[in-house]
Amino acid sequence: MPSNSCYATCAGREIHYTEWGAGQAPTVIAWHGLARTGRDMDELAEHLAGRGFRVICPDTIGRGLSQWSPDPGSEYTLAFYARLAAELMEGLEIERAHWVGTSMGGAIGMACAGGRLQPRAKSRIASLVLNDNAPQLAEPAIERIRAYAGNPPAFATIAELEAFFRQVYKPYGWLSDAQWRRLTETSVRRLPDGRVTPHYDPAMVRQFTDHPRDYDVWEHYDAIEVPVLCLRGAESDLVLRETTQQMLRRGPGRRGLTRIVEVPGCGHAPALNVPDQLELVASFIEQNEALATASHP
């Protein structure tokens with residue numbers, strides 16, 4: 001199923017996104033992880049579009065084809081990302097959306113669904129999938145991510161970059177050779193000296209130094225009033241089991257709205273590219289779309 005490559009201006013910045021499915025279909029927003037791009041969501045987006053959904057897959061500011069921030073200290077933050085998301089939904093006239101967020105994308109979704117940073121976004125989120133993301137993250141894993149994300153390597157060839165990606169993203173689980181190649185080709189840029197490097201602004205890592213508690217988002221999670229599906233990579237070092245158990249005891253979990261599923265064979269984070277994972281996400285969204293439609297026909 002074909003997708004469209006699109007651009008929008010949000011908070012004064014140019015944001016790129018891919019759009020799948022019919023424009024009038026129920027909408028899913030699929031948001032990528034920290035150092036990745038919206039093209040990571042291709043398999044999920046194609047699958048959901050085939051089941052009757054419109055899927056929007058943005059590149060966060062500083063990633064992929066979106067503009068790099070001229071003000072990294074204040075714009076590579078969860079608050080600004082949530083503002084971008086809220087303005088994107090408004091600009092695309094999305095009144096209701098199901099949110100799927102991998103890692104950082106999940107935190108943005110919690111910030112929107114909780115409504116504390118963007119009250120206008122709260123009523124637009126009908127359900128939330130957190131792909132190996134939680135309101136509290138393990139500090140050693142954050143340090144690991146900060147170390148590689150803040151110093152992206154450069155290579156002479158695309159093949160060398162792909163080998164690097166295969167190593168650093170091994171916890172994603174199984175990907176086909178074609179999927180590894182697409183992951184590489186959709187997240188590469190060439191430097192002035194001709195070498196290739198991952199396609200993001202290295203300054204985005206300032207979020208961790210300038211705003212070190214940015215991903216402690218219990219206050220946002222506690223304010224969520226819609227169903228939440230948390231997919232935890234069974235070998236994840238970022239989302240700990242004790243954290244997911246706490247999610248069941250507070251916020252939407254205390255109201256019986258949170259479900260935790262461990263995904264075997266993955267760490268941080270499941271690639272959402274194999275049938276079992278795709279079915280988990282699609283069935284959750286379909287169930288909650290039916291409930292939302294019944295409540296607001």
# chains A, B, ... in the order shown; residues from 1 in each chain; ligands from 1
call {"tool": "residues_around", "arguments": {"residues": "A:Glu262", "least_positions_apart": "2", "cutoff": "6 Å", "atoms": "only C-alpha atoms", "output": "PDB file with N, CA, C and O atoms, in the first residue's frame"}}
result
ATOM      1  N   LEU A 231       3.679  -2.406  25.745  1.00  0.00           N
ATOM      2  CA  LEU A 231       4.453  -3.536  25.251  1.00  0.00           C
ATOM      3  C   LEU A 231       5.864  -3.419  25.807  1.00  0.00           C
ATOM      4  O   LEU A 231       6.593  -2.482  25.470  1.00  0.00           O
ATOM      5  N   ARG A 232       6.226  -4.353  26.663  1.00  0.00           N
ATOM      6  CA  ARG A 232       7.576  -4.334  27.233  1.00  0.00           C
ATOM      7  C   ARG A 232       8.416  -5.411  26.567  1.00  0.00           C
ATOM      8  O   ARG A 232       8.048  -6.586  26.552  1.00  0.00           O
ATOM      9  N   GLY A 233       9.543  -4.997  25.973  1.00  0.00           N
ATOM     10  CA  GLY A 233      10.473  -5.996  25.474  1.00  0.00           C
ATOM     11  C   GLY A 233      10.923  -6.875  26.629  1.00  0.00           C
ATOM     12  O   GLY A 233      11.371  -6.367  27.662  1.00  0.00           O
ATOM     13  N   ALA A 234      10.794  -8.180  26.477  1.00  0.00           N
ATOM     14  CA  ALA A 234      11.071  -9.081  27.596  1.00  0.00           C
ATOM     15  C   ALA A 234      12.496  -8.936  28.116  1.00  0.00           C
ATOM     16  O   ALA A 234      12.757  -9.226  29.290  1.00  0.00           O
TER      17      ALA A 234
END
call {"tool": "closest_atom_pairs", "arguments": {"of": "stretch 211-293 of chain A", "to": "stretch 124-128 of chain A", "cutoff": "6 Å", "atoms": "only C-alpha atoms", "output": "Markdown table"}}
result
| residue | atom | partner | partner_atom | distance |
| --- | --- | --- | --- | --- |
| A:Val226 | CA | A:Ser127 | CA | 5.4 |
| A:Pro227 | CA | A:Ser127 | CA | 5.1 |
| A:Val228 | CA | A:Leu128 | CA | 4.8 |
call {"tool": "write_last_selection", "arguments": {"atoms": "all heavy atoms", "output": "PDB file, in the first residue's frame"}}
result
ATOM      1  N   VAL A 226      -7.689   7.178  29.251  1.00  0.00           N
ATOM      2  CA  VAL A 226      -8.030   6.301  28.118  1.00  0.00           C
ATOM      3  C   VAL A 226      -7.258   4.989  28.257  1.00  0.00           C
ATOM      4  O   VAL A 226      -6.289   4.897  29.011  1.00  0.00           O
ATOM      5  CB  VAL A 226      -7.705   6.981  26.770  1.00  0.00           C
ATOM      6  CG1 VAL A 226      -8.536   8.249  26.591  1.00  0.00           C
ATOM      7  CG2 VAL A 226      -6.212   7.292  26.662  1.00  0.00           C
ATOM      8  N   PRO A 227      -7.677   3.948  27.520  1.00  0.00           N
ATOM      9  CA  PRO A 227      -6.984   2.660  27.597  1.00  0.00           C
ATOM     10  C   PRO A 227      -5.518   2.753  27.159  1.00  0.00           C
ATOM     11  O   PRO A 227      -5.187   3.460  26.198  1.00  0.00           O
ATOM     12  CB  PRO A 227      -7.787   1.772  26.644  1.00  0.00           C
ATOM     13  CG  PRO A 227      -9.148   2.390  26.614  1.00  0.00           C
ATOM     14  CD  PRO A 227      -8.903   3.867  26.696  1.00  0.00           C
ATOM     15  N   VAL A 228      -4.675   2.018  27.876  1.00  0.00           N
ATOM     16  CA  VAL A 228      -3.234   2.001  27.616  1.00  0.00           C
ATOM     17  C   VAL A 228      -2.771   0.559  27.446  1.00  0.00           C
ATOM     18  O   VAL A 228      -3.080  -0.307  28.268  1.00  0.00           O
ATOM     19  CB  VAL A 228      -2.451   2.656  28.772  1.00  0.00           C
ATOM     20  CG1 VAL A 228      -0.945   2.554  28.530  1.00  0.00           C
ATOM     21  CG2 VAL A 228      -2.867   4.101  28.969  1.00  0.00           C
TER      22      VAL A 228
END
call {"tool": "residues_around", "arguments": {"residues": "stretch 107-121 of chain A", "least_positions_apart": "5", "cutoff": "10 Å", "atoms": "only C-alpha atoms", "output": "ChimeraX atom specification"}}
result
/A:29-33,77-87,89-90,95-102,126-131,133-136,214-226,228,251
call {"tool": "residues_around", "arguments": {"residues": "A:Asp71", "least_positions_apart": "4", "cutoff": "10 Å", "atoms": "only C-alpha atoms", "output": "PDB file with N, CA, C and O atoms, in the first residue's frame"}}
result
ATOM      1  N   GLU A  75      13.987  23.457  22.599  1.00  0.00           N
ATOM      2  CA  GLU A  75      13.075  22.771  21.686  1.00  0.00           C
ATOM      3  C   GLU A  75      13.273  21.263  21.633  1.00  0.00           C
ATOM      4  O   GLU A  75      12.348  20.541  21.245  1.00  0.00           O
ATOM      5  N   TYR A  76      14.437  20.761  22.010  1.00  0.00           N
ATOM      6  CA  TYR A  76      14.592  19.314  22.125  1.00  0.00           C
ATOM      7  C   TYR A  76      14.178  18.902  23.535  1.00  0.00           C
ATOM      8  O   TYR A  76      14.986  18.500  24.380  1.00  0.00           O
ATOM      9  N   ALA A 203      22.626  17.394  18.573  1.00  0.00           N
ATOM     10  CA  ALA A 203      22.267  18.279  19.683  1.00  0.00           C
ATOM     11  C   ALA A 203      20.991  17.844  20.378  1.00  0.00           C
ATOM     12  O   ALA A 203      20.699  18.314  21.482  1.00  0.00           O
TER      13      ALA A 203
END
call {"tool": "atom_distance", "arguments": {"atom1": "atom CA of A:Ala49", "atom2": "atom CA of A:His268"}}
result
25.2 Å
call {"tool": "decode", "arguments": {"residues": "stretch 223-260 of chain A", "atoms": "N, CA and C atoms", "output": "PDB file, in the first residue's frame"}}
result
ATOM      1  N   ALA A 223      -2.641  11.186  34.876  1.00  0.00           N
ATOM      2  CA  ALA A 223      -3.774  11.981  34.399  1.00  0.00           C
ATOM      3  C   ALA A 223      -4.469  11.358  33.187  1.00  0.00           C
ATOM      4  N   ILE A 224      -3.944  10.246  32.689  1.00  0.00           N
ATOM      5  CA  ILE A 224      -4.520   9.608  31.499  1.00  0.00           C
ATOM      6  C   ILE A 224      -5.828   8.909  31.859  1.00  0.00           C
ATOM      7  N   GLU A 225      -6.821   9.073  30.999  1.00  0.00           N
ATOM      8  CA  GLU A 225      -8.141   8.505  31.245  1.00  0.00           C
ATOM      9  C   GLU A 225      -8.612   7.598  30.115  1.00  0.00           C
ATOM     10  N   VAL A 226      -7.689   7.178  29.251  1.00  0.00           N
ATOM     11  CA  VAL A 226      -8.030   6.301  28.118  1.00  0.00           C
ATOM     12  C   VAL A 226      -7.258   4.989  28.257  1.00  0.00           C
ATOM     13  N   PRO A 227      -7.677   3.948  27.520  1.00  0.00           N
ATOM     14  CA  PRO A 227      -6.984   2.660  27.597  1.00  0.00           C
ATOM     15  C   PRO A 227      -5.518   2.753  27.159  1.00  0.00           C
ATOM     16  N   VAL A 228      -4.675   2.018  27.876  1.00  0.00           N
ATOM     17  CA  VAL A 228      -3.234   2.001  27.616  1.00  0.00           C
ATOM     18  C   VAL A 228      -2.771   0.559  27.446  1.00  0.00           C
ATOM     19  N   LEU A 229      -2.050   0.304  26.375  1.00  0.00           N
ATOM     20  CA  LEU A 229      -1.378  -0.980  26.173  1.00  0.00           C
ATOM     21  C   LEU A 229       0.114  -0.729  26.226  1.00  0.00           C
ATOM     22  N   CYS A 230       0.802  -1.338  27.181  1.00  0.00           N
ATOM     23  CA  CYS A 230       2.256  -1.204  27.289  1.00  0.00           C
ATOM     24  C   CYS A 230       2.904  -2.499  26.821  1.00  0.00           C
ATOM     25  N   LEU A 231       3.679  -2.406  25.745  1.00  0.00           N
ATOM     26  CA  LEU A 231       4.453  -3.536  25.251  1.00  0.00           C
ATOM     27  C   LEU A 231       5.864  -3.419  25.807  1.00  0.00           C
ATOM     28  N   ARG A 232       6.226  -4.353  26.663  1.00  0.00           N
ATOM     29  CA  ARG A 232       7.576  -4.334  27.233  1.00  0.00           C
ATOM     30  C   ARG A 232       8.416  -5.411  26.567  1.00  0.00           C
ATOM     31  N   GLY A 233       9.543  -4.997  25.973  1.00  0.00           N
ATOM     32  CA  GLY A 233      10.473  -5.996  25.474  1.00  0.00           C
ATOM     33  C   GLY A 233      10.923  -6.875  26.629  1.00  0.00           C
ATOM     34  N   ALA A 234      10.794  -8.180  26.477  1.00  0.00           N
ATOM     35  CA  ALA A 234      11.071  -9.081  27.596  1.00  0.00           C
ATOM     36  C   ALA A 234      12.496  -8.936  28.116  1.00  0.00           C
ATOM     37  N   GLU A 235      13.415  -8.463  27.257  1.00  0.00           N
ATOM     38  CA  GLU A 235      14.809  -8.292  27.670  1.00  0.00           C
ATOM     39  C   GLU A 235      15.179  -6.809  27.807  1.00  0.00           C
ATOM     40  N   SER A 236      14.182  -5.948  27.929  1.00  0.00           N
ATOM     41  CA  SER A 236      14.442  -4.510  27.984  1.00  0.00           C
ATOM     42  C   SER A 236      15.227  -4.124  29.229  1.00  0.00           C
ATOM     43  N   ASP A 237      16.229  -3.275  29.023  1.00  0.00           N
ATOM     44  CA  ASP A 237      16.953  -2.704  30.167  1.00  0.00           C
ATOM     45  C   ASP A 237      16.460  -1.297  30.482  1.00  0.00           C
ATOM     46  N   LEU A 238      15.493  -0.798  29.700  1.00  0.00           N
ATOM     47  CA  LEU A 238      14.988   0.556  29.894  1.00  0.00           C
ATOM     48  C   LEU A 238      13.704   0.570  30.716  1.00  0.00           C
ATOM     49  N   VAL A 239      12.798  -0.352  30.421  1.00  0.00           N
ATOM     50  CA  VAL A 239      11.524  -0.456  31.138  1.00  0.00           C
ATOM     51  C   VAL A 239      11.605  -1.694  32.032  1.00  0.00           C
ATOM     52  N   LEU A 240      11.610  -1.471  33.324  1.00  0.00           N
ATOM     53  CA  LEU A 240      11.756  -2.573  34.277  1.00  0.00           C
ATOM     54  C   LEU A 240      10.395  -3.138  34.667  1.00  0.00           C
ATOM     55  N   ARG A 241      10.380  -4.425  35.027  1.00  0.00           N
ATOM     56  CA  ARG A 241       9.117  -5.065  35.393  1.00  0.00           C
ATOM     57  C   ARG A 241       8.460  -4.386  36.585  1.00  0.00           C
ATOM     58  N   GLU A 242       9.266  -3.945  37.545  1.00  0.00           N
ATOM     59  CA  GLU A 242       8.660  -3.283  38.708  1.00  0.00           C
ATOM     60  C   GLU A 242       7.958  -1.990  38.319  1.00  0.00           C
ATOM     61  N   THR A 243       8.443  -1.345  37.260  1.00  0.00           N
ATOM     62  CA  THR A 243       7.785  -0.125  36.781  1.00  0.00           C
ATOM     63  C   THR A 243       6.448  -0.455  36.138  1.00  0.00           C
ATOM     64  N   THR A 244       6.402  -1.505  35.322  1.00  0.00           N
ATOM     65  CA  THR A 244       5.131  -1.861  34.692  1.00  0.00           C
ATOM     66  C   THR A 244       4.128  -2.327  35.737  1.00  0.00           C
ATOM     67  N   GLN A 245       4.593  -2.981  36.794  1.00  0.00           N
ATOM     68  CA  GLN A 245       3.670  -3.366  37.868  1.00  0.00           C
ATOM     69  C   GLN A 245       3.119  -2.137  38.576  1.00  0.00           C
ATOM     70  N   GLN A 246       3.946  -1.122  38.732  1.00  0.00           N
ATOM     71  CA  GLN A 246       3.472   0.129  39.335  1.00  0.00           C
ATOM     72  C   GLN A 246       2.456   0.809  38.424  1.00  0.00           C
ATOM     73  N   MET A 247       2.634   0.678  37.101  1.00  0.00           N
ATOM     74  CA  MET A 247       1.681   1.257  36.160  1.00  0.00           C
ATOM     75  C   MET A 247       0.282   0.667  36.347  1.00  0.00           C
ATOM     76  N   LEU A 248       0.215  -0.586  36.770  1.00  0.00           N
ATOM     77  CA  LEU A 248      -1.080  -1.231  36.983  1.00  0.00           C
ATOM     78  C   LEU A 248      -1.767  -0.736  38.259  1.00  0.00           C
ATOM     79  N   ARG A 249      -0.998  -0.102  39.147  1.00  0.00           N
ATOM     80  CA  ARG A 249      -1.547   0.316  40.440  1.00  0.00           C
ATOM     81  C   ARG A 249      -1.920   1.796  40.498  1.00  0.00           C
ATOM     82  N   ARG A 250      -1.556   2.552  39.474  1.00  0.00           N
ATOM     83  CA  ARG A 250      -1.836   3.983  39.528  1.00  0.00           C
ATOM     84  C   ARG A 250      -2.310   4.512  38.171  1.00  0.00           C
ATOM     85  N   GLY A 251      -2.872   5.712  38.187  1.00  0.00           N
ATOM     86  CA  GLY A 251      -3.362   6.331  36.968  1.00  0.00           C
ATOM     87  C   GLY A 251      -4.398   5.455  36.273  1.00  0.00           C
ATOM     88  N   PRO A 252      -4.291   5.294  34.956  1.00  0.00           N
ATOM     89  CA  PRO A 252      -5.257   4.465  34.231  1.00  0.00           C
ATOM     90  C   PRO A 252      -5.229   3.009  34.680  1.00  0.00           C
ATOM     91  N   GLY A 253      -4.078   2.546  35.188  1.00  0.00           N
ATOM     92  CA  GLY A 253      -4.001   1.171  35.683  1.00  0.00           C
ATOM     93  C   GLY A 253      -4.912   0.948  36.875  1.00  0.00           C
ATOM     94  N   ARG A 254      -4.975   1.918  37.768  1.00  0.00           N
ATOM     95  CA  ARG A 254      -5.839   1.807  38.947  1.00  0.00           C
ATOM     96  C   ARG A 254      -7.306   1.734  38.544  1.00  0.00           C
ATOM     97  N   ARG A 255      -7.618   2.287  37.373  1.00  0.00           N
ATOM     98  CA  ARG A 255      -9.001   2.254  36.880  1.00  0.00           C
ATOM     99  C   ARG A 255      -9.235   1.083  35.915  1.00  0.00           C
ATOM    100  N   GLY A 256      -8.263   0.166  35.851  1.00  0.00           N
ATOM    101  CA  GLY A 256      -8.425  -1.017  35.025  1.00  0.00           C
ATOM    102  C   GLY A 256      -8.246  -0.774  33.543  1.00  0.00           C
ATOM    103  N   LEU A 257      -7.585   0.320  33.179  1.00  0.00           N
ATOM    104  CA  LEU A 257      -7.456   0.687  31.768  1.00  0.00           C
ATOM    105  C   LEU A 257      -6.098   0.327  31.173  1.00  0.00           C
ATOM    106  N   THR A 258      -5.161  -0.133  32.005  1.00  0.00           N
ATOM    107  CA  THR A 258      -3.812  -0.438  31.511  1.00  0.00           C
ATOM    108  C   THR A 258      -3.598  -1.935  31.400  1.00  0.00           C
ATOM    109  N   ARG A 259      -3.035  -2.333  30.278  1.00  0.00           N
ATOM    110  CA  ARG A 259      -2.675  -3.737  30.041  1.00  0.00           C
ATOM    111  C   ARG A 259      -1.187  -3.804  29.723  1.00  0.00           C
ATOM    112  N   ILE A 260      -0.482  -4.750  30.319  1.00  0.00           N
ATOM    113  CA  ILE A 260       0.948  -4.942  30.082  1.00  0.00           C
ATOM    114  C   ILE A 260       1.153  -6.253  29.346  1.00  0.00           C
TER     115      ILE A 260
END
